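Single-structure report; data block below.
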Amino acid sequence: MAVAIRLRREGSHDRPVFRVVAADSRFRRDGRFLEILGVYDPHQAKGGLTLNVDKVKAWIAQGAKASETVKSLVKRAEASAKA
């Protein structure tokens, strides 16, 4: 099973909210998932990112592939945790 860490779109039509999830790469974008790893709301003033970086790194250590967007969100979460 190839696991992908990617965004799942939720929210209303004009106000999307994304969940960072670990999902089988064969599942639909907004379909089944294995675990919720965080939430990203691009409309919030302070970035709106709540991400469990430890869980993301644990999934990557087990062989999961993160999307480009998730990689950038992880970098942003790590930078805000250090500051």
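Each chain of the structure tokens is named A, B, ... in the order shown, its residues numbered from 1; ligands are numbered from 1 in display order.
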
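The set of residues in chain A assigned to strand (DSSP E) by DSSP, using only backbone atoms of this structure, is Val3, Ala4, Ile5, Arg6, Leu7, Arg8, Arg9, Glu10, Gly11, Pro16, Val17, Phe18, Arg19, Val20, Val21, Ala22, Ala23, Asp24, Glu35, Ile36, Leu37, Gly38, Val39, Tyr40, Leu49, Thr50, Leu51, Lys65 and Ala66 of chain A.
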
The selected residues should be written to file as a compact mmCIF listing (two decimals), in the first residue's frame (atoms: N, CA and C atoms).
```txt
# COMPACT_ATOMS: atom_id res chain seq x y z
N VAL A 3 1.33 4.95 0.68
CA VAL A 3 0.67 5.98 1.48
C VAL A 3 1.15 7.35 1.03
N ALA A 4 0.21 8.26 0.88
CA ALA A 4 0.51 9.63 0.50
C ALA A 4 0.02 10.56 1.61
N ILE A 5 0.82 11.57 1.92
CA ILE A 5 0.40 12.60 2.87
C ILE A 5 0.01 13.79 2.01
N ARG A 6 -1.26 14.14 2.05
CA ARG A 6 -1.77 15.17 1.15
C ARG A 6 -2.89 15.95 1.81
N LEU A 7 -3.39 16.94 1.08
CA LEU A 7 -4.47 17.78 1.58
C LEU A 7 -5.82 17.20 1.16
N ARG A 8 -6.78 17.31 2.06
CA ARG A 8 -8.16 16.91 1.81
C ARG A 8 -9.00 18.17 1.92
N ARG A 9 -9.73 18.51 0.87
CA ARG A 9 -10.48 19.77 0.85
C ARG A 9 -11.81 19.61 1.56
N GLU A 10 -12.08 20.56 2.45
CA GLU A 10 -13.35 20.62 3.16
C GLU A 10 -13.80 22.08 3.20
N GLY A 11 -14.88 22.36 3.88
CA GLY A 11 -15.37 23.72 3.97
C GLY A 11 -16.39 24.01 2.89
N PRO A 16 -12.62 27.38 1.43
CA PRO A 16 -12.08 26.04 1.66
C PRO A 16 -11.21 25.97 2.91
N VAL A 17 -11.27 24.84 3.56
CA VAL A 17 -10.41 24.49 4.68
C VAL A 17 -9.84 23.14 4.33
N PHE A 18 -8.57 22.94 4.59
CA PHE A 18 -7.91 21.70 4.21
C PHE A 18 -7.46 20.92 5.43
N ARG A 19 -7.58 19.61 5.37
CA ARG A 19 -7.03 18.74 6.39
C ARG A 19 -5.83 18.03 5.78
N VAL A 20 -4.78 17.93 6.55
CA VAL A 20 -3.60 17.18 6.13
C VAL A 20 -3.85 15.74 6.59
N VAL A 21 -3.88 14.81 5.64
CA VAL A 21 -4.20 13.43 5.96
C VAL A 21 -3.17 12.48 5.37
N ALA A 22 -3.07 11.33 5.99
CA ALA A 22 -2.32 10.21 5.43
C ALA A 22 -3.36 9.30 4.79
N ALA A 23 -3.19 9.01 3.51
CA ALA A 23 -4.18 8.21 2.79
C ALA A 23 -3.47 7.30 1.80
N ASP A 24 -4.11 6.20 1.49
CA ASP A 24 -3.63 5.33 0.43
C ASP A 24 -3.69 6.14 -0.86
N GLU A 35 -5.36 8.60 8.60
CA GLU A 35 -5.22 9.40 9.82
C GLU A 35 -5.19 10.89 9.47
N ILE A 36 -5.80 11.70 10.34
CA ILE A 36 -5.74 13.15 10.19
C ILE A 36 -4.49 13.64 10.91
N LEU A 37 -3.67 14.41 10.21
CA LEU A 37 -2.41 14.89 10.77
C LEU A 37 -2.43 16.37 11.10
N GLY A 38 -3.39 17.10 10.57
CA GLY A 38 -3.47 18.53 10.86
C GLY A 38 -4.55 19.21 10.05
N VAL A 39 -4.63 20.53 10.27
CA VAL A 39 -5.63 21.36 9.58
C VAL A 39 -4.94 22.61 9.06
N TYR A 40 -5.31 23.02 7.84
CA TYR A 40 -4.77 24.24 7.24
C TYR A 40 -5.92 25.09 6.74
N LEU A 49 -2.50 27.26 10.52
CA LEU A 49 -1.91 25.94 10.36
C LEU A 49 -1.79 25.27 11.71
N THR A 50 -2.41 24.11 11.85
CA THR A 50 -2.27 23.26 13.02
C THR A 50 -1.82 21.91 12.50
N LEU A 51 -0.58 21.55 12.78
CA LEU A 51 -0.01 20.34 12.20
C LEU A 51 0.78 19.58 13.26
N LYS A 65 4.87 9.17 1.19
CA LYS A 65 5.35 10.27 0.35
C LYS A 65 4.49 11.49 0.59
N ALA A 66 5.12 12.62 0.92
CA ALA A 66 4.39 13.86 1.15
C ALA A 66 4.30 14.64 -0.16
```
